[in-house]
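Take a look at the structure set out below.
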Amino acid sequence: MKHTEWTTAISSTRNDYKYLCELKENGIDGIEYSVSAQRAKECDWARFKRNADDANVALLSYHIPFGELTDISSPDEENRKNACEEVKYFVSCAAGIGIKRFVLHPSYEPIADSDREVCMAQAKRSLAELAEFVAEYDSVLCVENLPRSCLGHNIAEMKELLSADARLRVCFDVNHLLLEFGCSHRDFVSSLGDMIVTCHMSDYDFVDEKHYFCGNGLINWDELIGLLEDCGYCGPFIFEGGFAPHRVNKDVPYGSIATAKERQMRIREFKGGAV
């Protein structure tokens, strides 16, 4: 499937009807809902579902809140168990309105080198438990690759995490692969392409995540999109960030909802080197 056929979507912290209608009017047909744990607990999920249905916007996925509260890799067993219960609570809320894909960070950070082995073991234990829980809702748990000292910052660690349960899949965040860990987009897609069911699309400088609007960083989008097309990716094109001035690099251009669809259609024109 060509990238022009992938559902145009956005990572959204809003669920009100007016905003969802604005997305639809600008060619954005789906969202991944991503809010803090507190806001998720305050969410009126039934109203959210009605708003999305009335606006004809698909609820493609839900990003489980991330942080210490949901650190499924915690070396402290009690904290790990509590994190899993929190994740299950959020899954049950979102699954109740028909969401089928759940994006989860496999760890929090920082992780010291001395703790890495035990954190990996704890994360795998949690992922096996959560994959079983999510499957009860006829849904899929998507492990997101992460940057810096987080678990899942290279291919080997992603494969280790995914080995916890055959039902796990990948959320590929294309701006989380950092030069210091020696993992290219080509390597990642070549190794894990058949496991990728959703993507977070944004741009960066390969040094750290930036979440620039696609085309405003160093990613060679022609190559990356070609790799995803070749591996048979047919999930959504989810813009994650880039719709406001960057918190640090304020000179980097940003996009708008009105330009998102056009950017996806033209994405292979961007060869990298924009920063």
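Labels for the structure tokens follow display order: chains A, B, ..., residues from 1 in each chain, ligands from 1.
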Exercise: Ala37 (chain A) partners within 7 Å, only C-alpha atoms, chain neighbours under 3 positions left out, as a PDB file with C-alpha atoms, in the first residue's frame:
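The file below, out-v3.pdb, is the result:
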ATOM      1  CA  ALA A  40      -7.259  10.098  31.202  1.00  0.00           C
ATOM      2  CA  LYS A  41      -8.863   9.400  34.564  1.00  0.00           C
ATOM      3  CA  PRO A  65       0.114   7.478  29.764  1.00  0.00           C
TER       4      PRO A  65
END
(Q) Calculated over only C-alpha atoms, which of the candidates A:Ile64, A:Cys199, A:Val134, A:Ile72 has the smallest distance to Cys234 (chain A)? (A) A:Cys199
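Between Glu86 (chain A) and the residues A:Ser61, A:Asp165, A:Leu130, A:Ala9, the shortest atom-to-atom distance, using only C-alpha atoms, involves A:Leu130.
For the atom pair formed by CA of Ser74 (chain A) and CA of Ile155 (chain A), the distance is 21.2 Å, given to one decimal.
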Q: Figure out the distance between CA of His211 (chain A) and CA of Pro245 (chain A), please, to one decimal in Å.
A: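 So the two atoms, CA of Pro245 (chain A) and CA of His211 (chain A), lie 10.7 Å apart.
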(Q) Could you list, as a list in words, every residue within 7 Å of Val57 (chain A), counting only C-alpha atoms and ignoring same-chain residues fewer than 2 positions away? (A) Leu20, Lys24, Asp29, Gly30, Ala52, Asp53, Ala55 and Leu59 of chain A
Those selected residues, please, written with all heavy atoms and delivered as a compact mmCIF listing (two decimals), in the first residue's frame.
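again_16.txt was written with the following content:
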# COMPACT_ATOMS: atom_id res chain seq x y z
N LEU A 20 -12.49 17.82 16.72
CA LEU A 20 -12.53 16.65 15.85
C LEU A 20 -13.12 16.99 14.48
O LEU A 20 -12.65 16.48 13.45
CB LEU A 20 -13.33 15.53 16.52
CG LEU A 20 -12.71 14.97 17.81
CD1 LEU A 20 -13.65 13.97 18.47
CD2 LEU A 20 -11.36 14.33 17.53
N LYS A 24 -11.34 16.67 10.73
CA LYS A 24 -11.99 16.02 9.58
C LYS A 24 -12.06 16.96 8.40
O LYS A 24 -11.80 16.54 7.25
CB LYS A 24 -13.39 15.56 9.98
CG LYS A 24 -14.09 14.73 8.92
CD LYS A 24 -13.41 13.38 8.75
CE LYS A 24 -14.16 12.52 7.75
NZ LYS A 24 -13.55 11.17 7.60
N ASP A 29 -8.35 11.92 9.20
CA ASP A 29 -9.45 10.97 9.39
C ASP A 29 -9.37 10.14 10.66
O ASP A 29 -10.27 9.35 10.95
CB ASP A 29 -9.51 10.01 8.19
CG ASP A 29 -9.88 10.74 6.90
OD1 ASP A 29 -10.73 11.64 6.94
OD2 ASP A 29 -9.31 10.40 5.84
N GLY A 30 -8.28 10.27 11.42
CA GLY A 30 -8.16 9.47 12.63
C GLY A 30 -7.27 10.12 13.65
O GLY A 30 -6.51 11.04 13.34
N ALA A 52 -16.41 11.57 18.44
CA ALA A 52 -15.66 11.00 17.32
C ALA A 52 -16.59 10.44 16.26
O ALA A 52 -16.38 10.64 15.06
CB ALA A 52 -14.73 9.91 17.84
N ASP A 53 -17.63 9.75 16.69
CA ASP A 53 -18.59 9.19 15.73
C ASP A 53 -19.31 10.29 14.96
O ASP A 53 -19.46 10.22 13.73
CB ASP A 53 -19.62 8.33 16.45
CG ASP A 53 -19.05 6.99 16.91
OD1 ASP A 53 -17.94 6.63 16.46
OD2 ASP A 53 -19.71 6.32 17.73
N ALA A 55 -18.27 13.29 14.39
CA ALA A 55 -17.32 13.99 13.51
C ALA A 55 -16.77 13.08 12.43
O ALA A 55 -16.06 13.55 11.53
CB ALA A 55 -16.18 14.56 14.34
N LEU A 59 -11.08 6.38 15.87
CA LEU A 59 -10.25 6.26 17.07
C LEU A 59 -9.27 5.12 16.82
O LEU A 59 -9.54 3.95 17.10
CB LEU A 59 -11.12 5.97 18.30
CG LEU A 59 -12.19 7.03 18.58
CD1 LEU A 59 -13.02 6.63 19.80
CD2 LEU A 59 -11.55 8.39 18.81
Applying 6 Å and only C-alpha atoms, which residues near Ile238 (chain A) remain after dropping the ones on its own chain fewer than 6 positions away? List them as a PDB file with C-alpha atoms, in the first residue's frame.
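Just written: part.pdb:
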ATOM      1  CA  ALA A   9      -3.996  10.881  11.611  1.00  0.00           C
ATOM      2  CA  ILE A  10      -2.717  12.988  14.461  1.00  0.00           C
ATOM      3  CA  HIS A 200       4.580   8.073  15.065  1.00  0.00           C
ATOM      4  CA  MET A 201       5.749  10.424  12.327  1.00  0.00           C
TER       5      MET A 201
END
DSSP-assigned alpha helix (DSSP H) among region 164-200 of chain A, expressed as a PDB file with N, CA and C atoms, in the first residue's frame:
ATOM      1  N   HIS A 185      17.127   3.804  10.197  1.00  0.00           N
ATOM      2  CA  HIS A 185      15.751   3.488   9.806  1.00  0.00           C
ATOM      3  C   HIS A 185      15.722   2.239   8.932  1.00  0.00           C
ATOM      4  N   ARG A 186      16.688   2.122   8.040  1.00  0.00           N
ATOM      5  CA  ARG A 186      16.742   0.947   7.166  1.00  0.00           C
ATOM      6  C   ARG A 186      16.915  -0.330   7.995  1.00  0.00           C
ATOM      7  N   ASP A 187      17.823  -0.293   8.956  1.00  0.00           N
ATOM      8  CA  ASP A 187      18.046  -1.461   9.809  1.00  0.00           C
ATOM      9  C   ASP A 187      16.783  -1.823  10.583  1.00  0.00           C
ATOM     10  N   PHE A 188      16.141  -0.809  11.133  1.00  0.00           N
ATOM     11  CA  PHE A 188      14.973  -1.044  11.973  1.00  0.00           C
ATOM     12  C   PHE A 188      13.834  -1.673  11.167  1.00  0.00           C
ATOM     13  N   VAL A 189      13.531  -1.077  10.014  1.00  0.00           N
ATOM     14  CA  VAL A 189      12.424  -1.593   9.197  1.00  0.00           C
ATOM     15  C   VAL A 189      12.768  -2.961   8.626  1.00  0.00           C
ATOM     16  N   SER A 190      14.018  -3.146   8.229  1.00  0.00           N
ATOM     17  CA  SER A 190      14.424  -4.442   7.679  1.00  0.00           C
ATOM     18  C   SER A 190      14.284  -5.552   8.714  1.00  0.00           C
ATOM     19  N   SER A 191      14.549  -5.220   9.975  1.00  0.00           N
ATOM     20  CA  SER A 191      14.514  -6.225  11.040  1.00  0.00           C
ATOM     21  C   SER A 191      13.131  -6.432  11.646  1.00  0.00           C
ATOM     22  N   LEU A 192      12.339  -5.360  11.727  1.00  0.00           N
ATOM     23  CA  LEU A 192      11.076  -5.427  12.469  1.00  0.00           C
ATOM     24  C   LEU A 192       9.857  -5.029  11.649  1.00  0.00           C
TER      25      LEU A 192
END
(Q) Can you pull out the residues contacting Asn154 (chain A)? Cut-off 10 Å, using only C-alpha atoms, and skip same-chain residues under 5 positions away; I want them as a list in words. (A)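 Once the nearby chain positions are removed, what remains is Asn145, Leu146, Pro147, Arg148, Lys159, His176, Leu177, Leu178, Glu180, Phe181, Gly182, Cys183, Ser184, Asp187 and Phe188 of chain A.
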Q. Interatomic distance between CA of Met158 (chain A) and CA of Asp113 (chain A)?
A. 16.8 Å
Q: Identify all residues of region 143-213 of chain A in strand (DSSP E) (DSSP on the backbone) and supply them as a list in words.
A: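 DSSP-assigned strand (DSSP E) residues in region 143-213 of chain A: Val143, Glu144, Arg169, Val170, Cys171, Phe172, Asp173, Ile196, Val197, Thr198, Cys199, His200 and Met201 of chain A.
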Restricting it to N, CA, C and O atoms, dump the selection as a CSV table (one decimal), in the first residue's frame.
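The new file part22.csv reads:
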chain,number,residue,atom,x,y,z
A,143,VAL,N,4.4,-2.1,21.3
A,143,VAL,CA,5.6,-1.6,22.1
A,143,VAL,C,6.3,-0.5,21.3
A,143,VAL,O,6.7,-0.8,20.1
A,144,GLU,N,6.5,0.6,21.9
A,144,GLU,CA,7.1,1.7,21.2
A,144,GLU,C,8.6,1.7,21.4
A,144,GLU,O,9.1,1.6,22.5
A,169,ARG,N,3.2,-6.3,19.2
A,169,ARG,CA,3.5,-5.6,17.9
A,169,ARG,C,4.3,-4.3,18.2
A,169,ARG,O,4.5,-4.0,19.3
A,170,VAL,N,4.7,-3.6,17.1
A,170,VAL,CA,5.6,-2.4,17.3
A,170,VAL,C,4.8,-1.2,16.9
A,170,VAL,O,4.2,-1.1,15.8
A,171,CYS,N,5.0,-0.1,17.7
A,171,CYS,CA,4.7,1.2,17.3
A,171,CYS,C,6.1,1.9,17.0
A,171,CYS,O,6.9,2.0,17.9
A,172,PHE,N,6.3,2.2,15.7
A,172,PHE,CA,7.6,2.7,15.3
A,172,PHE,C,7.6,4.2,15.4
A,172,PHE,O,6.9,4.9,14.6
A,173,ASP,N,8.3,4.8,16.4
A,173,ASP,CA,8.5,6.2,16.4
A,173,ASP,C,9.8,6.5,15.7
A,173,ASP,O,10.9,6.2,16.1
A,196,ILE,N,5.5,-4.0,12.6
A,196,ILE,CA,5.1,-2.6,12.8
A,196,ILE,C,3.6,-2.4,12.3
A,196,ILE,O,3.3,-2.7,11.2
A,197,VAL,N,2.8,-2.0,13.2
A,197,VAL,CA,1.4,-1.8,12.9
A,197,VAL,C,0.9,-0.4,13.0
A,197,VAL,O,-0.2,0.0,12.6
A,198,THR,N,1.7,0.5,13.6
A,198,THR,CA,1.4,1.9,13.7
A,198,THR,C,2.7,2.7,13.8
A,198,THR,O,3.7,2.1,14.2
A,199,CYS,N,2.7,3.9,13.4
A,199,CYS,CA,3.9,4.8,13.4
A,199,CYS,C,3.6,6.1,14.0
A,199,CYS,O,2.5,6.7,13.7
A,200,HIS,N,4.6,6.7,14.7
A,200,HIS,CA,4.6,8.1,15.1
A,200,HIS,C,5.5,8.8,14.1
A,200,HIS,O,6.7,8.5,14.1
A,201,MET,N,5.0,9.7,13.4
A,201,MET,CA,5.7,10.4,12.3
A,201,MET,C,6.1,11.8,12.8
A,201,MET,O,5.2,12.7,13.0
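Among the candidates A:Cys142, A:Cys84, A:Ala156, A:Ile97, the residue lying nearest to Gln122 (chain A) is A:Cys84 (atoms considered: only C-alpha atoms).
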Q: Identify which of the residues A:Cys43, A:Ala112, A:Val275, A:Leu228 lies closest to Tyr254 (chain A), counting only C-alpha atoms when measuring atom-to-atom distances.
A: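 Using only C-alpha atoms, Tyr254 (chain A) sits closest to A:Val275.
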Q) Skipping near chain neighbours, those fewer than 5 positions away, what residues fall within 10 Å of Lys49 (chain A) using only C-alpha atoms, listed as a list in words? A)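 The filter keeps Asn15, Asp16, Tyr17, Asp44, Asp54, Ala55, Val57, Ala58, Leu59, Ala94, Gly96, Ile97, Gly98 and Ile99 of chain A.
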Selection to disk with N, CA, C and O atoms, as a PDB file, in the first residue's frame:
ATOM      1  N   ASN A  15     -10.447  15.881  22.649  1.00  0.00           N
ATOM      2  CA  ASN A  15     -11.486  14.975  22.175  1.00  0.00           C
ATOM      3  C   ASN A  15     -12.836  15.659  22.008  1.00  0.00           C
ATOM      4  O   ASN A  15     -13.860  14.995  21.891  1.00  0.00           O
ATOM      5  N   ASP A  16     -12.820  17.005  22.013  1.00  0.00           N
ATOM      6  CA  ASP A  16     -14.076  17.727  21.880  1.00  0.00           C
ATOM      7  C   ASP A  16     -14.553  17.718  20.434  1.00  0.00           C
ATOM      8  O   ASP A  16     -13.775  17.643  19.482  1.00  0.00           O
ATOM      9  N   TYR A  17     -15.846  17.823  20.269  1.00  0.00           N
ATOM     10  CA  TYR A  17     -16.478  17.691  18.953  1.00  0.00           C
ATOM     11  C   TYR A  17     -15.987  18.752  17.975  1.00  0.00           C
ATOM     12  O   TYR A  17     -15.683  18.449  16.816  1.00  0.00           O
ATOM     13  N   ASP A  44     -14.369  11.724  29.963  1.00  0.00           N
ATOM     14  CA  ASP A  44     -15.707  11.170  29.756  1.00  0.00           C
ATOM     15  C   ASP A  44     -15.632  10.342  28.479  1.00  0.00           C
ATOM     16  O   ASP A  44     -15.824  10.854  27.375  1.00  0.00           O
ATOM     17  N   ASP A  54     -19.725  11.325  15.671  1.00  0.00           N
ATOM     18  CA  ASP A  54     -20.453  12.427  15.028  1.00  0.00           C
ATOM     19  C   ASP A  54     -19.557  13.198  14.064  1.00  0.00           C
ATOM     20  O   ASP A  54     -20.024  13.717  13.042  1.00  0.00           O
ATOM     21  N   ALA A  55     -18.266  13.289  14.385  1.00  0.00           N
ATOM     22  CA  ALA A  55     -17.321  13.995  13.513  1.00  0.00           C
ATOM     23  C   ALA A  55     -16.765  13.081  12.425  1.00  0.00           C
ATOM     24  O   ALA A  55     -16.055  13.545  11.529  1.00  0.00           O
ATOM     25  N   VAL A  57     -14.478  10.720  12.777  1.00  0.00           N
ATOM     26  CA  VAL A  57     -13.032  10.582  12.972  1.00  0.00           C
ATOM     27  C   VAL A  57     -12.769   9.247  13.672  1.00  0.00           C
ATOM     28  O   VAL A  57     -13.363   8.959  14.717  1.00  0.00           O
ATOM     29  N   ALA A  58     -11.902   8.439  13.103  1.00  0.00           N
ATOM     30  CA  ALA A  58     -11.630   7.110  13.641  1.00  0.00           C
ATOM     31  C   ALA A  58     -10.741   7.178  14.877  1.00  0.00           C
ATOM     32  O   ALA A  58      -9.762   7.925  14.906  1.00  0.00           O
ATOM     33  N   LEU A  59     -11.077   6.382  15.873  1.00  0.00           N
ATOM     34  CA  LEU A  59     -10.247   6.258  17.074  1.00  0.00           C
ATOM     35  C   LEU A  59      -9.267   5.118  16.822  1.00  0.00           C
ATOM     36  O   LEU A  59      -9.545   3.953  17.096  1.00  0.00           O
ATOM     37  N   ALA A  94     -10.350   2.679  27.401  1.00  0.00           N
ATOM     38  CA  ALA A  94     -10.303   2.952  25.957  1.00  0.00           C
ATOM     39  C   ALA A  94     -10.906   1.825  25.140  1.00  0.00           C
ATOM     40  O   ALA A  94     -11.555   2.068  24.112  1.00  0.00           O
ATOM     41  N   GLY A  96     -13.341   0.137  25.990  1.00  0.00           N
ATOM     42  CA  GLY A  96     -14.786   0.266  26.130  1.00  0.00           C
ATOM     43  C   GLY A  96     -15.435   1.125  25.072  1.00  0.00           C
ATOM     44  O   GLY A  96     -16.661   1.053  24.872  1.00  0.00           O
ATOM     45  N   ILE A  97     -14.641   1.957  24.381  1.00  0.00           N
ATOM     46  CA  ILE A  97     -15.208   2.767  23.293  1.00  0.00           C
ATOM     47  C   ILE A  97     -14.697   2.279  21.929  1.00  0.00           C
ATOM     48  O   ILE A  97     -14.781   2.989  20.936  1.00  0.00           O
ATOM     49  N   GLY A  98     -14.141   1.070  21.915  1.00  0.00           N
ATOM     50  CA  GLY A  98     -13.802   0.445  20.639  1.00  0.00           C
ATOM     51  C   GLY A  98     -12.389   0.602  20.150  1.00  0.00           C
ATOM     52  O   GLY A  98     -12.068   0.178  19.035  1.00  0.00           O
ATOM     53  N   ILE A  99     -11.509   1.206  20.934  1.00  0.00           N
ATOM     54  CA  ILE A  99     -10.118   1.340  20.515  1.00  0.00           C
ATOM     55  C   ILE A  99      -9.445  -0.027  20.565  1.00  0.00           C
ATOM     56  O   ILE A  99      -9.605  -0.777  21.533  1.00  0.00           O
TER      57      ILE A  99
END
Q) Do you know which residues are at most 8 Å from Tyr204 (chain A) counting only C-alpha atoms, after dropping those on the same chain fewer than 3 positions away, and could you put them as a PyMOL selection string? A) chain A and resi 175+207-212+216-219+275
Q) Looking at A:Leu227, A:Ala260, A:Ile267, A:Leu179, which one is nearest to Leu23 (chain A), with distances taken over only C-alpha atoms? A)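 Going through A:Leu227, A:Ala260, A:Ile267, A:Leu179 one by one, the smallest distance to Leu23 (chain A) is for A:Ala260.
Among the candidates A:Asn220, A:Thr7, A:Ser34, A:Ser163, the residue lying nearest to Ala131 (chain A) is A:Ser163 (atoms considered: only C-alpha atoms).
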